>>> print(open('run30.txt').read())   # compact mmCIF, C-alpha atoms
# COMPACT_ATOMS: atom_id res chain seq x y z
CA MET A 1 15.38 73.79 -12.46
CA LEU A 2 13.79 72.00 -15.41
CA ASN A 3 10.87 69.64 -14.85
CA ARG A 4 10.53 66.23 -16.50
CA GLN A 5 8.69 67.59 -19.53
CA GLU A 6 11.30 70.27 -20.11
CA ILE A 7 14.20 67.83 -19.65
CA GLY A 8 12.62 65.33 -22.01
CA GLU A 9 11.94 67.99 -24.60
CA GLY A 10 15.51 69.27 -24.32
CA LEU A 11 16.96 65.77 -24.77
CA LEU A 12 14.79 65.21 -27.84
CA SER A 13 15.98 68.53 -29.26
CA PHE A 14 19.59 67.52 -28.60
CA PHE A 15 19.46 64.06 -30.13
CA PHE A 16 16.83 64.79 -32.78
CA PRO A 17 17.56 68.36 -33.96
CA GLN A 18 14.61 70.58 -34.80
CA TYR A 19 13.91 73.58 -36.96
CA CYS A 20 14.77 77.03 -35.63
CA VAL A 21 11.70 78.89 -34.31
CA ASN A 22 13.07 82.09 -35.85
CA CYS A 23 14.64 81.39 -39.25
CA LYS A 24 12.92 77.97 -39.72
CA LYS A 25 16.19 76.38 -40.86
CA TYR A 26 17.18 72.89 -39.81
CA ILE A 27 19.41 72.83 -36.71
CA ALA A 28 22.29 70.43 -37.25
CA GLU A 29 23.63 70.71 -33.69
CA SER A 30 21.05 71.58 -31.05
CA ALA A 31 21.81 73.20 -27.70
CA GLY A 32 18.68 71.59 -26.28
CA TYR A 33 16.21 74.18 -27.58
CA PRO A 34 14.98 75.06 -31.11
CA LEU A 35 16.94 78.24 -31.82
CA CYS A 36 19.97 78.03 -34.08
CA LYS A 37 23.33 79.47 -33.06
CA LYS A 38 23.22 82.17 -35.75
CA CYS A 39 19.83 83.45 -34.58
CA GLU A 40 20.87 83.29 -30.93
CA GLU A 41 23.84 85.52 -31.70
CA MET A 42 21.39 88.08 -33.15
CA ILE A 43 19.61 88.60 -29.82
CA ARG A 44 20.10 92.22 -28.79
CA LYS A 45 21.14 92.30 -25.13
CA ASP A 46 22.50 95.85 -24.97
CA ILE A 47 19.45 98.10 -24.47
CA SER A 48 21.02 101.51 -24.34
CA PRO A 49 20.24 104.27 -24.04
CA CYS A 50 17.17 103.55 -21.97
CA CYS A 51 14.95 105.43 -19.53
CA LEU A 52 16.51 105.40 -16.08
CA VAL A 53 13.15 104.58 -14.47
CA CYS A 54 11.09 102.30 -16.73
CA GLY A 55 13.91 100.95 -18.93
CA ARG A 56 12.18 101.88 -22.18
CA PRO A 57 14.68 102.29 -25.06
CA LEU A 58 15.45 105.93 -25.88
CA LEU A 59 16.47 107.51 -29.17
CA SER A 60 19.29 109.64 -27.82
CA ASN A 61 21.96 109.56 -25.10
CA ARG A 62 20.95 113.12 -24.29
CA GLN A 63 17.73 111.83 -22.74
CA THR A 64 17.55 110.29 -19.27
CA LEU A 65 13.78 109.80 -18.91
CA CYS A 66 11.12 108.87 -21.43
CA ARG A 67 8.11 111.14 -21.92
CA ARG A 68 5.85 108.83 -19.86
CA CYS A 69 8.16 108.97 -16.85
CA ARG A 70 8.52 112.74 -17.13
CA GLU A 71 4.75 113.24 -17.19
CA LYS A 72 3.64 110.68 -14.59
CA PRO A 73 5.78 108.47 -12.34
CA PHE A 74 5.27 104.71 -12.18
CA SER A 75 4.55 102.93 -8.90
CA PHE A 76 7.70 100.78 -9.14
CA ASP A 77 11.19 102.11 -8.44
CA PHE A 78 12.65 101.00 -11.74
CA ALA A 79 12.20 98.40 -14.46
CA ARG A 80 14.65 96.75 -16.80
CA ALA A 81 14.63 94.08 -19.49
CA VAL A 82 17.37 91.70 -20.59
CA THR A 83 16.70 91.90 -24.33
CA LEU A 84 14.86 93.91 -26.96
CA TYR A 85 11.50 92.45 -28.00
CA LYS A 86 12.20 91.78 -31.65
CA PRO A 87 13.11 88.66 -33.64
CA PRO A 88 14.66 86.28 -32.82
CA ILE A 89 13.77 86.60 -29.10
CA LYS A 90 10.21 87.69 -29.97
CA ASN A 91 9.60 84.50 -31.94
CA ALA A 92 11.20 82.41 -29.19
CA ILE A 93 8.90 83.93 -26.55
CA HIS A 94 5.85 83.33 -28.75
CA ALA A 95 6.88 79.69 -29.25
CA PHE A 96 7.36 79.31 -25.49
CA LYS A 97 4.01 80.87 -24.51
CA TYR A 98 1.65 79.79 -27.26
CA ARG A 99 3.24 76.63 -28.70
CA LYS A 100 4.43 75.39 -25.30
CA ILE A 101 8.01 74.76 -26.40
CA LEU A 102 9.20 74.82 -22.80
CA SER A 103 12.77 73.79 -23.61
CA LEU A 104 13.33 77.44 -24.64
CA LYS A 105 13.48 78.17 -20.92
CA ILE A 106 17.08 76.94 -21.09
CA LEU A 107 17.89 79.88 -23.35
CA PHE A 108 15.85 82.36 -21.32
CA MET A 109 17.51 81.36 -18.06
CA HIS A 110 20.96 81.69 -19.62
CA LEU A 111 20.06 85.27 -20.60
CA PHE A 112 18.60 86.08 -17.17
CA PHE A 113 21.50 84.59 -15.21
CA GLU A 114 24.05 86.42 -17.35
CA TYR A 115 22.23 89.70 -16.72
CA LEU A 116 21.77 89.11 -12.98
CA SER A 117 25.44 88.19 -12.60
CA SER A 118 26.39 91.53 -14.16
CA ASN A 119 23.96 93.50 -11.98
CA PRO A 120 24.54 92.36 -8.38
CA PHE A 121 22.22 94.96 -6.83
CA TYR A 122 19.31 92.62 -7.74
CA HIS A 123 20.60 90.27 -5.05
CA ASP A 124 19.59 92.79 -2.37
CA ILE A 125 15.89 91.84 -2.38
CA ASP A 126 13.56 89.94 -0.06
CA GLY A 127 11.59 87.94 -2.61
CA VAL A 128 10.74 87.24 -6.25
CA LEU A 129 7.16 87.83 -7.42
CA PRO A 130 5.93 86.62 -10.83
CA VAL A 131 3.09 88.60 -12.43
CA PRO A 132 0.05 86.43 -11.61
CA LEU A 133 -2.46 85.15 -14.16
CA HIS A 134 -6.21 85.02 -13.60
CA PRO A 135 -7.31 81.42 -12.83
CA SER A 136 -9.36 81.19 -16.04
CA ARG A 137 -6.40 82.37 -18.14
CA LEU A 138 -4.16 79.90 -16.32
CA ARG A 139 -6.54 77.06 -17.21
CA GLU A 140 -6.52 78.13 -20.86
CA ARG A 141 -2.72 78.41 -21.09
CA GLU A 142 -1.96 75.61 -18.60
CA PHE A 143 1.02 77.49 -17.16
CA ASN A 144 2.09 80.97 -16.10
CA GLN A 145 5.17 81.89 -18.12
CA ALA A 146 6.20 84.56 -15.60
CA GLU A 147 6.07 82.04 -12.76
CA ILE A 148 8.15 79.50 -14.71
CA LEU A 149 10.84 82.15 -15.19
CA ALA A 150 10.58 83.40 -11.60
CA GLN A 151 11.05 79.91 -10.12
CA ASP A 152 14.62 79.57 -11.39
CA ILE A 153 15.43 83.23 -10.75
CA SER A 154 14.45 82.83 -7.09
CA LYS A 155 16.75 79.80 -6.83
CA PHE A 156 19.58 81.64 -8.57
CA LEU A 157 19.24 84.63 -6.22
CA GLN A 158 18.49 82.34 -3.25
CA LYS A 159 15.41 84.40 -2.39
CA PRO A 160 11.85 83.24 -1.64
CA LEU A 161 9.34 82.85 -4.48
CA MET A 162 6.31 84.99 -3.60
CA HIS A 163 3.96 83.34 -6.11
CA LYS A 164 1.07 83.14 -3.62
CA ALA A 165 1.45 86.61 -2.14
CA VAL A 166 -0.68 88.34 -4.79
CA THR A 167 -3.58 86.99 -6.87
CA ARG A 168 -5.22 88.26 -10.03
CA LYS A 169 -8.90 88.46 -9.10
CA LYS A 170 -10.16 90.27 -12.21
CA LYS A 171 -10.09 88.73 -15.68
CA THR A 172 -8.82 91.58 -17.81
CA LEU A 173 -9.06 92.08 -21.56
CA PRO A 174 -5.89 91.64 -23.66
CA GLN A 175 -3.89 94.87 -23.47
CA VAL A 176 -2.98 94.83 -27.18
CA GLY A 177 -4.74 97.61 -29.07
CA LEU A 178 -5.90 99.51 -25.97
CA SER A 179 -4.98 103.14 -25.32
CA MET A 180 -3.01 104.05 -22.19
CA LYS A 181 -6.22 105.19 -20.45
CA GLU A 182 -8.03 101.99 -21.48
CA ARG A 183 -5.12 99.88 -20.21
CA ARG A 184 -5.24 101.56 -16.79
CA LEU A 185 -9.02 101.10 -16.53
CA ASN A 186 -8.71 97.50 -17.71
CA LEU A 187 -6.24 96.72 -14.90
CA GLN A 188 -8.03 98.67 -12.18
CA GLY A 189 -8.72 96.30 -9.30
CA ALA A 190 -7.06 93.40 -11.09
CA PHE A 191 -4.62 92.41 -8.31
CA GLN A 192 -5.13 91.61 -4.65
CA VAL A 193 -2.52 91.12 -1.91
CA GLU A 194 -3.32 87.96 0.07
CA ASP A 195 -0.99 88.57 3.02
CA GLU A 196 0.06 92.16 3.75
CA LYS A 197 2.43 91.05 6.53
CA PHE A 198 4.34 89.04 3.92
CA ILE A 199 4.63 92.12 1.67
CA ALA A 200 5.10 95.01 4.11
CA LYS A 201 8.56 96.62 4.29
CA LYS A 202 9.94 94.14 1.73
CA LYS A 203 12.14 94.71 -1.30
CA ILE A 204 10.39 92.86 -4.11
CA LEU A 205 11.54 91.87 -7.59
CA ILE A 206 8.62 91.48 -10.04
CA ILE A 207 9.29 89.10 -12.94
CA ASP A 208 7.49 89.16 -16.30
CA ASP A 209 8.24 87.91 -19.79
CA VAL A 210 7.65 91.08 -21.84
CA LEU A 211 7.32 94.78 -20.96
CA THR A 212 5.33 96.94 -23.37
CA SER A 213 3.38 99.84 -21.86
CA ARG A 214 4.37 98.80 -18.29
CA SER A 215 0.69 99.15 -17.27
CA THR A 216 0.44 95.62 -15.87
CA VAL A 217 3.55 95.79 -13.67
CA ASP A 218 2.62 99.34 -12.65
CA SER A 219 -0.82 98.19 -11.46
CA LEU A 220 0.78 95.31 -9.59
CA ALA A 221 3.36 97.65 -8.04
CA MET A 222 0.59 100.05 -6.97
CA VAL A 223 -1.09 97.25 -4.99
CA LEU A 224 2.24 96.30 -3.42
CA ARG A 225 2.81 99.94 -2.42
CA GLY A 226 -0.61 99.97 -0.79
CA ALA A 227 0.41 96.93 1.24
CA GLY A 228 3.56 98.70 2.44
CA SER A 229 6.29 97.35 0.15
CA GLN A 230 9.54 99.23 0.62
CA THR A 231 11.19 98.85 -2.79
CA ILE A 232 9.87 97.41 -6.05
CA PHE A 233 12.08 96.38 -8.95
CA VAL A 234 10.81 94.93 -12.24
CA LEU A 235 12.80 92.64 -14.47
CA ALA A 236 11.56 91.15 -17.76
CA LEU A 237 13.05 89.01 -20.46
CA ALA A 238 12.29 91.55 -23.19
CA THR A 239 11.04 95.10 -23.71
CA GLY A 240 9.23 96.69 -26.60
CA LYS A 241 10.40 99.93 -28.11
>>> encode(input="run30.txt", output="structure tokens")
Amino acid sequence: MLNRQEIGEGLLSFFFPQYCVNCKKYIAESAGYPLCKKCEEMIRKDISPCCLVCGRPLLSNRQTLCRRCREKPFSFDFARAVTLYKPPIKNAIHAFKYRKILSLKILFMHLFFEYLSSNPFYHDIDGVLPVPLHPSRLREREFNQAEILAQDISKFLQKPLMHKAVTRKKKTLPQVGLSMKERRLNLQGAFQVEDEKFIAKKKILIIDDVLTSRSTVDSLAMVLRGAGSQTIFVLALATGK
């Protein structure tokens, strides 16, 4: 569900059309968020072929697993993304996270709900867990984009939102530019389960906005495994190549 700020922003976009966050052209007829119809139609939703485990796009149909999954398994059971992280969705996510254009959630939820409706096995879970932010990062950004997405997904799936089950106790460095080894060390000890009884033997769906190296969701999944989680799925709005 949209909050007052998001509803107000969407109404302003509808009655007072804005410029597209991707192509920068004036939007004559707004759908309630600043992405024009032409750019929205460019969003790539068919990510195939992809790795059967981590969902990373593959170059050939002859492959079933990416090199990372062949060499070392992740802690989650499998991960998928709704779209490919490239313009226009890349620019929309940036506008949502860093320019606080929250009305774009209308678009993101449409994409998520369409995907979840086509993949009913996601309904067989016990709860929805957004990737937590460190309190200092949350103060800087003023909201957790993963939690905003997870709130409506939990309502759509009619499953509990586990946003207090795990906390991020370590303020990590930005992952951009770090090697795989540096990313793992950066995230070591970052997450802490607050209530193991709430996590144990549960099927959990982790929600994030973008998947790149998968190091963050893997570290989170590792902590959940340690607390006794039965099954761990990951679903993100977009994935990098």
>>> closest_residue(input="run30.txt", among="A:Tyr85, A:Phe121, A:Phe76, A:Phe96", to="Thr231 (chain A)", atoms="only C-alpha atoms")
A:Phe76
>>> atom_distance(input="run30.txt", atom1="CA of Leu133 (chain A)", atom2="CA of Phe191 (chain A)")
9.6 Å
>>> atom_distance(input="run30.txt", atom1="CA of Thr239 (chain A)", atom2="CA of Val210 (chain A)")
5.6 Å
>>> atom_distance(input="run30.txt", atom1="CA of Lys197 (chain A)", atom2="CA of Ile125 (chain A)")
16.2 Å
>>> residues_around(input="run30.txt", residues="Arg68 (chain A)", least_positions_apart="6", cutoff="10 Å", atoms="only C-alpha atoms", output="PyMOL selection string")
chain A and resi 51+54+56+74+213
>>> closest_residue(input="run30.txt", among="A:Asp77, A:Glu194, A:Glu142, A:Asp126", to="Gln158 (chain A)", atoms="only C-alpha atoms")
A:Asp126
>>> residues_near_point(input="run30.txt", point="(-2.5, 89.5, -3.3)", cutoff="10 Å", atoms="only C-alpha atoms", output="number ranges by chain")
A: 132, 162-169, 190-196, 198-199, 220, 223-224, 227
>>> residues_around(input="run30.txt", residues="Cys20 (chain A)", least_positions_apart="6", cutoff="12 Å", atoms="all atoms listed in the file", output="ChimeraX atom specification")
/A:13,26-40,87-89,91-92,95,101,104
>>> build_atoms(input="run30.txt", residues="region 18-38 of chain A", atoms="N, CA, C and O atoms", output="short mmCIF file (atom, residue, chain, number, x, y, z; two decimals), keeping the file's coordinate frame")
data_model
loop_
_atom_site.label_atom_id
_atom_site.label_comp_id
_atom_site.auth_asym_id
_atom_site.auth_seq_id
_atom_site.Cartn_x
_atom_site.Cartn_y
_atom_site.Cartn_z
N GLN A 18 15.86 70.02 -34.30
CA GLN A 18 14.61 70.58 -34.80
C GLN A 18 14.88 71.73 -35.77
O GLN A 18 16.02 72.01 -36.12
N TYR A 19 13.79 72.39 -36.13
CA TYR A 19 13.91 73.58 -36.96
C TYR A 19 13.88 74.82 -36.06
O TYR A 19 13.14 74.87 -35.08
N CYS A 20 14.67 75.80 -36.41
CA CYS A 20 14.77 77.03 -35.63
C CYS A 20 13.42 77.76 -35.61
O CYS A 20 12.79 77.93 -36.66
N VAL A 21 12.99 78.20 -34.43
CA VAL A 21 11.70 78.89 -34.31
C VAL A 21 11.76 80.29 -34.94
O VAL A 21 10.71 80.91 -35.14
N ASN A 22 12.95 80.77 -35.25
CA ASN A 22 13.07 82.09 -35.85
C ASN A 22 13.27 82.04 -37.37
O ASN A 22 12.45 82.54 -38.13
N CYS A 23 14.33 81.40 -37.82
CA CYS A 23 14.64 81.39 -39.25
C CYS A 23 14.07 80.17 -39.96
O CYS A 23 14.12 80.10 -41.20
N LYS A 24 13.55 79.19 -39.20
CA LYS A 24 12.92 77.97 -39.72
C LYS A 24 13.92 77.00 -40.37
O LYS A 24 13.51 76.00 -40.94
N LYS A 25 15.20 77.28 -40.27
CA LYS A 25 16.19 76.38 -40.86
C LYS A 25 16.45 75.19 -39.94
O LYS A 25 16.29 75.28 -38.73
N TYR A 26 16.89 74.11 -40.55
CA TYR A 26 17.18 72.89 -39.81
C TYR A 26 18.41 73.10 -38.92
O TYR A 26 19.41 73.66 -39.36
N ILE A 27 18.31 72.67 -37.65
CA ILE A 27 19.41 72.83 -36.71
C ILE A 27 20.22 71.55 -36.69
O ILE A 27 19.74 70.51 -36.24
N ALA A 28 21.43 71.62 -37.18
CA ALA A 28 22.29 70.43 -37.25
C ALA A 28 22.79 70.01 -35.88
O ALA A 28 22.85 68.83 -35.56
N GLU A 29 23.15 70.99 -35.04
CA GLU A 29 23.63 70.71 -33.69
C GLU A 29 22.82 71.54 -32.70
O GLU A 29 23.00 72.75 -32.61
N SER A 30 21.94 70.88 -31.97
CA SER A 30 21.05 71.58 -31.05
C SER A 30 21.69 71.79 -29.69
O SER A 30 22.46 70.96 -29.21
N ALA A 31 21.36 72.92 -29.07
CA ALA A 31 21.81 73.20 -27.70
C ALA A 31 20.77 72.75 -26.69
O ALA A 31 20.88 73.05 -25.51
N GLY A 32 19.75 72.04 -27.16
CA GLY A 32 18.68 71.59 -26.28
C GLY A 32 17.40 72.37 -26.43
O GLY A 32 16.41 72.10 -25.76
N TYR A 33 17.40 73.38 -27.31
CA TYR A 33 16.21 74.18 -27.58
C TYR A 33 16.23 74.58 -29.06
O TYR A 33 17.30 74.69 -29.67
N PRO A 34 15.05 74.82 -29.67
CA PRO A 34 14.98 75.06 -31.11
C PRO A 34 15.26 76.50 -31.55
O PRO A 34 14.40 77.17 -32.12
N LEU A 35 16.47 76.96 -31.29
CA LEU A 35 16.94 78.24 -31.82
C LEU A 35 18.37 78.02 -32.28
O LEU A 35 19.21 77.59 -31.48
N CYS A 36 18.63 78.30 -33.55
CA CYS A 36 19.97 78.03 -34.08
C CYS A 36 20.99 79.02 -33.53
O CYS A 36 20.64 80.10 -33.03
N LYS A 37 22.25 78.66 -33.62
CA LYS A 37 23.33 79.47 -33.06
C LYS A 37 23.38 80.85 -33.72
O LYS A 37 23.60 81.86 -33.05
N LYS A 38 23.16 80.90 -35.03
CA LYS A 38 23.22 82.17 -35.75
C LYS A 38 22.14 83.11 -35.26
O LYS A 38 22.40 84.31 -35.05
#
